[in-house]
Every structure is written in structure tokens, then in C-alpha cells.
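> First, the structure itself, so that you have it in front of you.
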Amino acid sequence: MKKFKFKLLMLALLLGLSSNTWAQSLEVSGVVVDDQNVTMPGVSVVLKATTTGTVTDIDGKFALTVPGGTGTLVFSFVGYEAKEIILDGKTTSYQVQLASSTIGLEEVVAIGYGSLKKSNVTGSVTSIEPDDFNQGAVSDPRQLIQGKVPGLTMTRNGDPSGGMKISLRGPSSLRAGEGQEPLYVIDGVVGASLDLVAPENVESMEVLRDAASTAIYGARAANGVIMITTKRGEEGKAVVNFSSYMSWDKISNTIDMLDADEYRQFNSDNSLLIDDDQNADTDWVDEVSQTGVTQNYNVGISGGNKSTTYAASVTYQDKEGVIKNSSQEKFIVRANLQQKALNDKLSLNFDLSSSVKEQNKIREEVFENMLRYQPTVGVFNEDGTYFENFDKTDGGSYYNPVSLLDNNVNKVKTKTIFASVSAKYNIIKNLDYKLSMSYQNTQVNDNKYFGRNTGLSDYRTFNGVAERKAYEDEQKLLEMILTYDYNINDHDFKFLAGYSWQENNKDDGFGRVATNFSNDNISYYNPNLGSNTESIIAPNVSLSTLRMISYFGRINYSYKSKYLLQASIRRDGSSAFGANDGWGNHPAFSLGWRVTEEGFMDKQTLFDNLKLRLGYGVSGNSLGFNPLSNIIRYGVNTDAQTFYSNGEYITATTIVQNYNQLLDWERTSMLNIGVDFSVLGGKINGSVEWYNKKTSDLILEAQVDRSAGIWPGTNGMVWTNVGEMENKGFEVSLNATPIRNADFEWNTSLNASFNRNEITKMSNFQFSTDSIRVTDVGGRGQSGDRQQIIQVGQDYGTFFTRKYAGKDANGITQFYTSDGGVTVNRSDAGLFYTGSPHPKVTWGWQNNLKYKNWSLSFFFRGVAGNKILNATLAQLNMVGVAGNFNIPKYGLGDSVDDYNSDVVSDRYVEKGNFIRLDNLTLAYNFKLNSEIFKSLRVYSTVNNVFTITDYEGVDPEIDIIGNEPGVDNENFYPFTRTFLFGVSATF
């Protein structure tokens, strides 16, 4: 409440300043004409760095009141180059002429270790600017571009402490985590933490989608590259930006379960005895949920002169989850200083950032039990203790969900500091040398406390259990780059040569456990007040180090900006691989032909721009597995064997992991063909891409025959290269401005991606198999079953399940056998390919409408062609034991005699198609004549407005990145619908 009052006070103060700081203004007017001296209606006229502006009328005329009389007017119109006019405080009438241009081609976009004009880019690069970012309660900068980039798939849920999972153009690895994530480059620093970036501070984001663009980053770029550029200071007066919003989250959907009356009636109708009935009527979802309130504040200042520019910002966010006791609080400080010296030949850049993130996490058992726990019992017994039925708890994971929240704590505190410095020196004309160094340190304190009243079977007999784990991750990076630009007549060359050294140390720390506390008051804070026990194993923390050394080079060539060439090579050395394969080469090339620059295109009037592109490259992947996997490792003998020494028995150690010096790089090659076009004076532009991405030498921990010369560890597994995978498809991106006049403007953009994934090989000389069965969702009598398969000719993670054959005369679920018959015996049922978790189509559609000072934006996105294994619904649908657990309304048509009602089959493999109105934002920009206020904008946003889908689960946006793609298995935080009000101002 105090924070809310603080926000209102700040807003009142700002508005008060606005109303009392009027300064003398200047009325300016004029006319805008094109390069043929024809007047131009609908031209945008804006006072730079403010929202003060207007548009020209039907005769091309404009009139504007300029606070203070000085500043810079910016004139812009689709298909024409923007023009700036500096006001001198005296002149009041202007005639402005705009030159025609091809829309967007002179924009500069970031590429690896540099930038290019958009017109000269030959690879597949998508650039997203702030006007196109997603609006709303955004806590992760990646959310800004969700659904905006063809081929870029993101999944997330409502967990305030949860992250996003991302893949680009389909999976490129069989490993989860970093093995399938894109590489993030923040302000040129490879692998910098996203925790350091507040969404409000992002200036632009570029996504490098093909290997011709990503190969310059070599061994970490197989899954694509996302480049984030943050805001920098500019020459001029200091500018202060303030933004704030407050949002309210509600659970958007849940599985419909029986309420207490329906539950009693169902059991009565079917002659089932309810084992626990206290005459209660408890809605467990309501008991554990709340309205999640988020507050976000960002303040930034920037400015500078010809030699020095600066920018600094502070961001604070406090986000409550819709499940009680779940939250995230984050504080980010960021500063940048750029300094020129030695007659501007030397450019220095300093970045310093720090973030502190505190997360309250909840146990996954809450999500299952808030649905299946019986509604006929209350939260508490009459004596005030939590109701529990330990007879059912000990046989599974049946726990009072409120008790799970109240008696178990998991608080994670993450501190990240980052510092970088770079020096760029102009040796001679067009020859520059740049030295960059950065250091990042992340400290994590993961604290858990299981209270004396916890119902968890692993902890409830210990009178309180405190677990504390502390570790740090460290990243050091040194890079040196030499660039040379050379021009002779119509030939333009750009040369780049570089060296990179990087060391990552992860999980350097320790853990401790203590038990037997006299009370719960101190939680995990002082383990010394408890006592150690051998019955609880301390959390494991094991240091791992990855070192990489790289040499790289690139050449860009342009002839008359018509014929374009880019070629690069990177040679990486990594400590993650065996001595025989420690180095890998990653070459790439791409070609471009700007057809509209040819003489034979002079007379055509359809295309303003037409460019053809062809690219091929190879990038690598050395992440997603322990970098120590290629060495011999020792551990305690798992058979607890001992030997006698110096009068006592000592536990023996043994080899738990043998080295594999033949472990090789996982490589991804990609062929990309693209067409960029613009028509109707730039009112419609876009691109079409076709790609074929092949990943070879897939790295996987697999069972290996000892005759291959490798002795697996005690788990019988070893990391090895096992096969190949292919993704191929095409992508479409369209942007249009259907309407633009003096009062109204409509911009729209559409992107779509069509991808096909296939495993093409699953063997090498060390390892050979027809298939690997993966994913055990569990369930009654189904432990050890595997519901997905990795097999040649199939998509990665194809569902491989029993096939539903309806009910027999007694209402028992039947399954098809391999020979086409039917059976009620689950062990006799055949297994069939029952669908792919990977969408055939993903798409997004953005619309921005402006009417005078009002703006409205809405964004749809969706997927089609994928399947979801709804294991959550299957495991809830145990109608035969409805007297012990609540059941979903979905199961009301099943017989209580159906002992197969919850058996996983294609009955529970559902279509994952959905259409979602993901964002709806209404905003108003105030016209201000204030000396202090340059702009003021208020807005309201609704996220996840509605979803159209046939999926029976909570939400069809299921994780498709990782080892169990497309599986909904009782452990997903509920999705939310968000209502937001915000304000932003510039001073």
C-alpha cells in the first residue's frame, strides 16, 4: 500500500510541475513538398525527443506551437527520407522538401561485431525497434519480441520467477537448457546476463536467423543469435525519462474439477465411498490463488556533448504471482559513459551494471493438488492443524496444497555485477583497432526450509529441515578486433579480423543441511540451531570450467551497392571436447543482388526495392552438457564397498565417468535463400525466406558398447555424438501502411513460419540404435512407460503411445493392438506414432492505429499443426478411485469400472492449435507546452485477452523446447490475464 501511495504521489508531483512551468512558446508554420515540389498531406512533424507534433493538412501545410521556441523538428513520411530542421527561436515560417527513398534501406542494423546498412545485409537478420515492441507487464527483454520474428518460438507461463524458453527455426540439439537456447549478445558482449537488462532500456533488438549471419560467433551460435542494444546518451541537454506501471494478474483458465456437491453426487450415484468428508466445500484453486499485483518503476538520465556522452538508469520491479507466496523482486542499476580523446581518434566506452533479484518459489506439488485434493475436506482440522491424509500421502504426492504453501519455503537471491570497458583507436584513416574486456559475476543463494508441520513425506519426521546452497558463476571475456574500410571507385570493402578469449566458471560453491529445530521462527537463517543428519543429503554443487579461444575474420564487399558479398571464418578451441577434436572451424558466406539497382528495372513501377539473397554457413554448439565430460572423474563407490587401512575401514572411490577423447563438436549448417521487396512507395514491404538447417554429430548421453574402447561410468552412460537432425521450411514477413492521412494512420505487420523437423540418423561407430524412448509421465501402474521417441524418420520427441479404441460393452477403455485388434489389457496394447509436438505453423499479426493523440495497438499470435500430451488430464481422470481424489468434469462420461480411464493413449494427445489476442493497448499522448515536460503518455494494456483453442488443458502454450517437448504434466504454473495502467514522461 505504501508503494502504491508513493506512485500516486510521484504522478501528482509530475503533473503539478507540468501545470506550473509554462514557458514562452513560438508558433511555427510552413508547407512540405516532395522532390517534384508537390505538396504532401499527412507528413508527420514532431519536435525531437518529445511527443509534441502534428501532421500536414491536405495542402501540405502545418502549424505547431514549440515550447521555449527552440529545438529540432523532424519531418517524416513513408517512402521518404526523414528531415530535421533546427529551430533558431526566431524564424517562424518554413518550406521543407523531402527526398524519396526506399523505406528502411538506409537504416543501420547490428550484425556480429559490427553494423551494416539494411540495404547491404545479405544474411537473414530481423531488426525490431521500440515502436514494434510488445506492450504490457514485461519483466524479461525477450518478451518484447515474442511473436514478432519469423521462426522464433517462445514459451512462458504465469510464474513470476520463471523464465522463457526459446528456439529458432526448430530444435538444433537433443539437450535441454543452453543446448537449445540462442546466444545473447548485449551491447556487443557475448553471453552477458539478461538479468542486467531492464526492458525499458532496450533501444533495439536484432535476431540473426541464418548460419551465414551467426557463424561469426562460431561454437555458441547454432541456435541463432539475439543481439540487444541498450539506450545510450546523445549530444545535447540532459534528458530525464520516467516510466511506471501497475498491473493486476488473474488466473486465465484452469481445468474444470467437480465442486463439493458435484463430487458427493457423483460418488453417491456410482456407489463409491468418499474416504474423507468433513462436510466442507473447499475450492482449492481459490484457496491457493490471489490477484497478483505488479509495480514497476524506471528512471533514466542521458545527455552529453561532442566529446562525452552518458546514460544511467535505475529500475525496480515487485511482481506477485497468482499463486500465494510466489513472487519476484528485482532491482537493476545501469550506467554507461562514452568518451572521445586524442582529437577524436580514441573512443572509450565504459559500462557498469548490477542487478539483485529475489524470488519466492513454490513446490510443483501445489499445481497437482490444487486440482485433485478432495473438495469435501477443509484446510484445517478442528484443532487448527492442517488436514492431511498421510495414508494417501505416503503412497504418492497427495498433499494439502495450502500446507504446501505455508510450511515450505524456497527463496532464491541472485546478485549479478557486470563491468566492461572498450577502447577503439583510429590508427590511420579507415583503420581501427578495438580492445574489449568484460567481467561478470553472479552469486546465488538458494535457501529452503521445510517446517515442522510440513506434510512432505521426505521431511516431516525431522522437526524442520533447513537447506542452504551458495554458489557463484563467473565469466571473463577479452576480445581484440581490427577493422579496415576501403573504397575504390564503385568497390566498397570492409575487412574484420578478431581474437576472443573466454572463460566461464559455474557452480563454484557448497551446500549444507540442518534438521531438528525447536521452532520455525528462524526458518533457514541459522542452521547452527539445528543438528546435522546423515538421512538428508546436502545439495550437490560442483564447479565446472569452460574455456574458449577463437580467431575470426570477415569481409564485406559491395559493388555499386548492387552486388553484395559477405564471407567469414571462425576457428574455435574449446575445453569441452576431447584432445583429438578440441578445435572446430565455422565458415560462412552470403551473396546479395539488389535487382532494382539494375538499369533494366528503371522503367518498371511495381518494385521500390527488390533484393535476392543466398547464404550458407556452419556454426557450432558446445553448451548444454558438463564441460568436464571429456575427462576421467572419480566418485564414491555406489556399492558402498570399503577397504581396510590404518586400523579402519574407508569407503572406496571408483571411476564414475570415463573420458571420451573422440567427443566432437555438434555442428549446424544452414542454407538460406531470401527475397526482400518493397512496393507502392514503401507502403508494403517484406521478405520471404527458405532454409534447410542440418545438425550433425548430435551430442547425447547414451549407452555405449565397451568394445568401442570407452568404459562408461557407473551409470552405464557416456557423452557421445549420436546422430543427425534436420529442420527445413520457409518464412514470410509483411509490413504495410494501408492508411495514413492528417488525422489517422494504420500500420500492420504479419509474420509466419512453416517448419518441418526430422531425425535423419541415430548411430555412429561407438553407438548404434534404432530409437531412443524418452519421457516418463508416470501415472497409476504406468511407471517406466515412455511416451516419446527419438527415431530416424520421425520428428524429435514424436509421441509414441497406445492408441485409443473406444469403450467395450462394460465401459472399459480399449486400445488397439499391433495387429489391428483391440484389447483392454494395457500390456497387450500396441504402440503407435500419435503426433508431433512441433508446430507446422507459427504466426503473429501486429496492428498499430493512431488517431490524433490517441493510439490503439493489438497483437494476435498463434500456432497450428502440433500435438500436446495432456498427461495432467490423464492423471486426474482416475474415475474408478473418485472416492479418494477429485476428478475433472471431463471424466463424468467414464464408467467408475473403467480401470483404464487414466492410461496414457492418443485419447490424451490433443491438437495444440490456438489463436491468442496477446496484447491490447490504448494510449493517449498529451500535447504539452511545458518548459520541463517534453512528453507525457498514459496507457492501459490487457495481456492474454482471450485464447481460441480446443485444448482441454489449462493452456495450449506448452514448452516445446527441451527434452520433453509438448508434454503437459501437472507441473505448470497457471497462465494469467493481465490488466495494466501505466505512465511515461520525458523531461
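To be explicit about the labels: the chains of the C-alpha cells are called A, B, and onward in the order shown, and within each one the residues are counted from 1, while ligands get numbers from 1 in the order they are shown.
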Excluding A:Val903 and its own-chain neighbours fewer than 5 positions away, which residues fall within 12 Å of it when counting only C-alpha atoms? Please give them as a ChimeraX atom specification.
/A:777-783,785,787,801-804,812-815,824-827,829,870-879,898,908-909
> Can you write just those residues out, C-alpha atoms, as a PDB file, in the first residue's frame?

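What ended up in selection.pdb:
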ATOM      1  CA  VAL A 777       4.969 -39.002 -17.291  1.00  0.00           C
ATOM      2  CA  GLY A 778       4.188 -41.566 -14.599  1.00  0.00           C
ATOM      3  CA  GLY A 779       0.638 -42.383 -13.621  1.00  0.00           C
ATOM      4  CA  ARG A 780      -1.089 -45.256 -11.889  1.00  0.00           C
ATOM      5  CA  GLY A 781       0.520 -48.522 -12.996  1.00  0.00           C
ATOM      6  CA  GLN A 782       2.438 -46.742 -15.776  1.00  0.00           C
ATOM      7  CA  SER A 783       5.792 -46.133 -14.140  1.00  0.00           C
ATOM      8  CA  ASP A 785       6.448 -46.286 -19.675  1.00  0.00           C
ATOM      9  CA  GLN A 787       5.599 -41.703 -24.254  1.00  0.00           C
ATOM     10  CA  THR A 801       1.720 -44.139 -27.225  1.00  0.00           C
ATOM     11  CA  ARG A 802      -1.118 -46.592 -27.059  1.00  0.00           C
ATOM     12  CA  LYS A 803      -3.987 -45.907 -29.448  1.00  0.00           C
ATOM     13  CA  TYR A 804      -7.466 -45.369 -28.017  1.00  0.00           C
ATOM     14  CA  ILE A 812     -13.783 -50.184 -20.152  1.00  0.00           C
ATOM     15  CA  THR A 813     -11.279 -48.251 -22.274  1.00  0.00           C
ATOM     16  CA  GLN A 814      -9.854 -50.345 -25.114  1.00  0.00           C
ATOM     17  CA  PHE A 815      -6.614 -49.984 -27.060  1.00  0.00           C
ATOM     18  CA  VAL A 824      -8.482 -53.858 -22.536  1.00  0.00           C
ATOM     19  CA  ASN A 825      -5.148 -55.189 -21.295  1.00  0.00           C
ATOM     20  CA  ARG A 826      -2.753 -52.283 -21.383  1.00  0.00           C
ATOM     21  CA  SER A 827       0.288 -54.587 -21.581  1.00  0.00           C
ATOM     22  CA  ALA A 829      -1.723 -52.808 -26.471  1.00  0.00           C
ATOM     23  CA  ASN A 870      -2.202 -33.805 -21.783  1.00  0.00           C
ATOM     24  CA  ALA A 871      -0.752 -36.020 -19.053  1.00  0.00           C
ATOM     25  CA  THR A 872      -2.249 -33.687 -16.450  1.00  0.00           C
ATOM     26  CA  LEU A 873      -5.783 -34.527 -17.561  1.00  0.00           C
ATOM     27  CA  ALA A 874      -4.946 -38.235 -17.870  1.00  0.00           C
ATOM     28  CA  GLN A 875      -3.655 -38.493 -14.307  1.00  0.00           C
ATOM     29  CA  LEU A 876      -6.605 -36.542 -12.902  1.00  0.00           C
ATOM     30  CA  ASN A 877      -9.098 -38.757 -14.703  1.00  0.00           C
ATOM     31  CA  MET A 878      -8.960 -41.717 -12.281  1.00  0.00           C
ATOM     32  CA  VAL A 879     -12.729 -42.122 -12.093  1.00  0.00           C
ATOM     33  CA  ASP A 898     -13.018 -48.221 -16.213  1.00  0.00           C
ATOM     34  CA  TYR A 908      -4.918 -37.558 -24.325  1.00  0.00           C
ATOM     35  CA  VAL A 909      -2.786 -36.452 -27.288  1.00  0.00           C
TER      36      VAL A 909
END
> Would you list the contacts of A:Pro965 as number ranges by chain, taking every protein, DNA or RNA residue within 7 Å and counting only C-alpha atoms, but skipping same-chain residues closer than 6 positions in sequence?
A: 797, 837, 959
> Write out as number ranges by chain the set of residues from stretch 132-295 of chain A that DSSP, computed on the backbone, places in alpha helix (DSSP H).
A: 211-214, 260-269, 284-288
> Need to verify the contact set: A:Gly592, 6 Å, only C-alpha atoms, exclusion of same-chain residues closer than 3 positions in sequence. Can you return it as a list in words?
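So, after excluding close chain neighbours, the residues are Thr122, Tyr563, Leu564, Leu612 and Arg613 of chain A.
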> Give me a file of those residues, with C-alpha atoms, as a compact mmCIF listing (two decimals), in the first residue's frame.

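The resulting file, part-v2.txt, is shown below:
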# COMPACT_ATOMS: atom_id res chain seq x y z
CA THR A 122 22.99 -10.38 -47.16
CA TYR A 563 26.24 -6.82 -55.92
CA LEU A 564 26.97 -7.83 -52.34
CA LEU A 612 17.79 -11.58 -53.71
CA ARG A 613 19.93 -13.29 -51.06
> For A:Arg232, find every residue with an atom within 10 Å (counting only C-alpha atoms), except residues of its own chain fewer than 3 positions away, and show them as a PDB file with N, CA and C atoms, in the first residue's frame.

ATOM      1  N   ASN A 201      15.038  -0.121 -21.039  1.00  0.00           N
ATOM      2  CA  ASN A 201      16.311   0.422 -21.506  1.00  0.00           C
ATOM      3  C   ASN A 201      16.751  -0.139 -22.851  1.00  0.00           C
ATOM      4  N   VAL A 202      15.913  -0.947 -23.488  1.00  0.00           N
ATOM      5  CA  VAL A 202      16.294  -1.552 -24.761  1.00  0.00           C
ATOM      6  C   VAL A 202      16.026  -0.570 -25.899  1.00  0.00           C
ATOM      7  N   GLU A 203      17.049  -0.329 -26.698  1.00  0.00           N
ATOM      8  CA  GLU A 203      16.942   0.559 -27.854  1.00  0.00           C
ATOM      9  C   GLU A 203      16.517  -0.201 -29.099  1.00  0.00           C
ATOM     10  N   THR A 229      20.652  -4.062 -27.998  1.00  0.00           N
ATOM     11  CA  THR A 229      21.345  -2.780 -27.871  1.00  0.00           C
ATOM     12  C   THR A 229      20.575  -1.915 -26.889  1.00  0.00           C
ATOM     13  N   ILE A 301      18.512   8.939 -17.026  1.00  0.00           N
ATOM     14  CA  ILE A 301      19.019  10.253 -17.426  1.00  0.00           C
ATOM     15  C   ILE A 301      20.110  10.045 -18.454  1.00  0.00           C
ATOM     16  N   SER A 302      20.146  10.895 -19.468  1.00  0.00           N
ATOM     17  CA  SER A 302      21.159  10.792 -20.508  1.00  0.00           C
ATOM     18  C   SER A 302      21.434  12.173 -21.082  1.00  0.00           C
ATOM     19  N   GLY A 303      22.596  12.299 -21.700  1.00  0.00           N
ATOM     20  CA  GLY A 303      22.973  13.571 -22.306  1.00  0.00           C
ATOM     21  C   GLY A 303      24.440  13.571 -22.663  1.00  0.00           C
ATOM     22  N   THR A 309      29.424  11.503 -23.713  1.00  0.00           N
ATOM     23  CA  THR A 309      28.001  11.219 -23.541  1.00  0.00           C
ATOM     24  C   THR A 309      27.837  10.227 -22.406  1.00  0.00           C
ATOM     25  N   TYR A 310      26.682  10.267 -21.792  1.00  0.00           N
ATOM     26  CA  TYR A 310      26.441   9.412 -20.635  1.00  0.00           C
ATOM     27  C   TYR A 310      24.981   8.979 -20.610  1.00  0.00           C
ATOM     28  N   ALA A 311      24.748   7.883 -19.912  1.00  0.00           N
ATOM     29  CA  ALA A 311      23.388   7.397 -19.689  1.00  0.00           C
ATOM     30  C   ALA A 311      23.401   6.553 -18.428  1.00  0.00           C
ATOM     31  N   ALA A 312      22.377   6.717 -17.615  1.00  0.00           N
ATOM     32  CA  ALA A 312      22.253   5.941 -16.382  1.00  0.00           C
ATOM     33  C   ALA A 312      20.778   5.696 -16.111  1.00  0.00           C
ATOM     34  N   ALA A 335      24.790   1.960 -15.925  1.00  0.00           N
ATOM     35  CA  ALA A 335      25.438   3.228 -16.274  1.00  0.00           C
ATOM     36  C   ALA A 335      26.370   3.027 -17.455  1.00  0.00           C
ATOM     37  N   ASN A 336      26.399   4.020 -18.329  1.00  0.00           N
ATOM     38  CA  ASN A 336      27.281   3.986 -19.489  1.00  0.00           C
ATOM     39  C   ASN A 336      27.933   5.349 -19.676  1.00  0.00           C
ATOM     40  N   LEU A 337      29.209   5.332 -20.012  1.00  0.00           N
ATOM     41  CA  LEU A 337      29.963   6.558 -20.287  1.00  0.00           C
ATOM     42  C   LEU A 337      30.770   6.340 -21.560  1.00  0.00           C
ATOM     43  N   GLN A 338      30.641   7.271 -22.501  1.00  0.00           N
ATOM     44  CA  GLN A 338      31.424   7.238 -23.736  1.00  0.00           C
ATOM     45  C   GLN A 338      32.240   8.515 -23.843  1.00  0.00           C
TER      46      GLN A 338
END
> Could you state the separation of atom CA of A:Pro150 and atom CA of A:Trp843 in Å, given to one decimal place?
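One can read the atom CA of A:Pro150 to atom CA of A:Trp843 distance as 7.3 Å.
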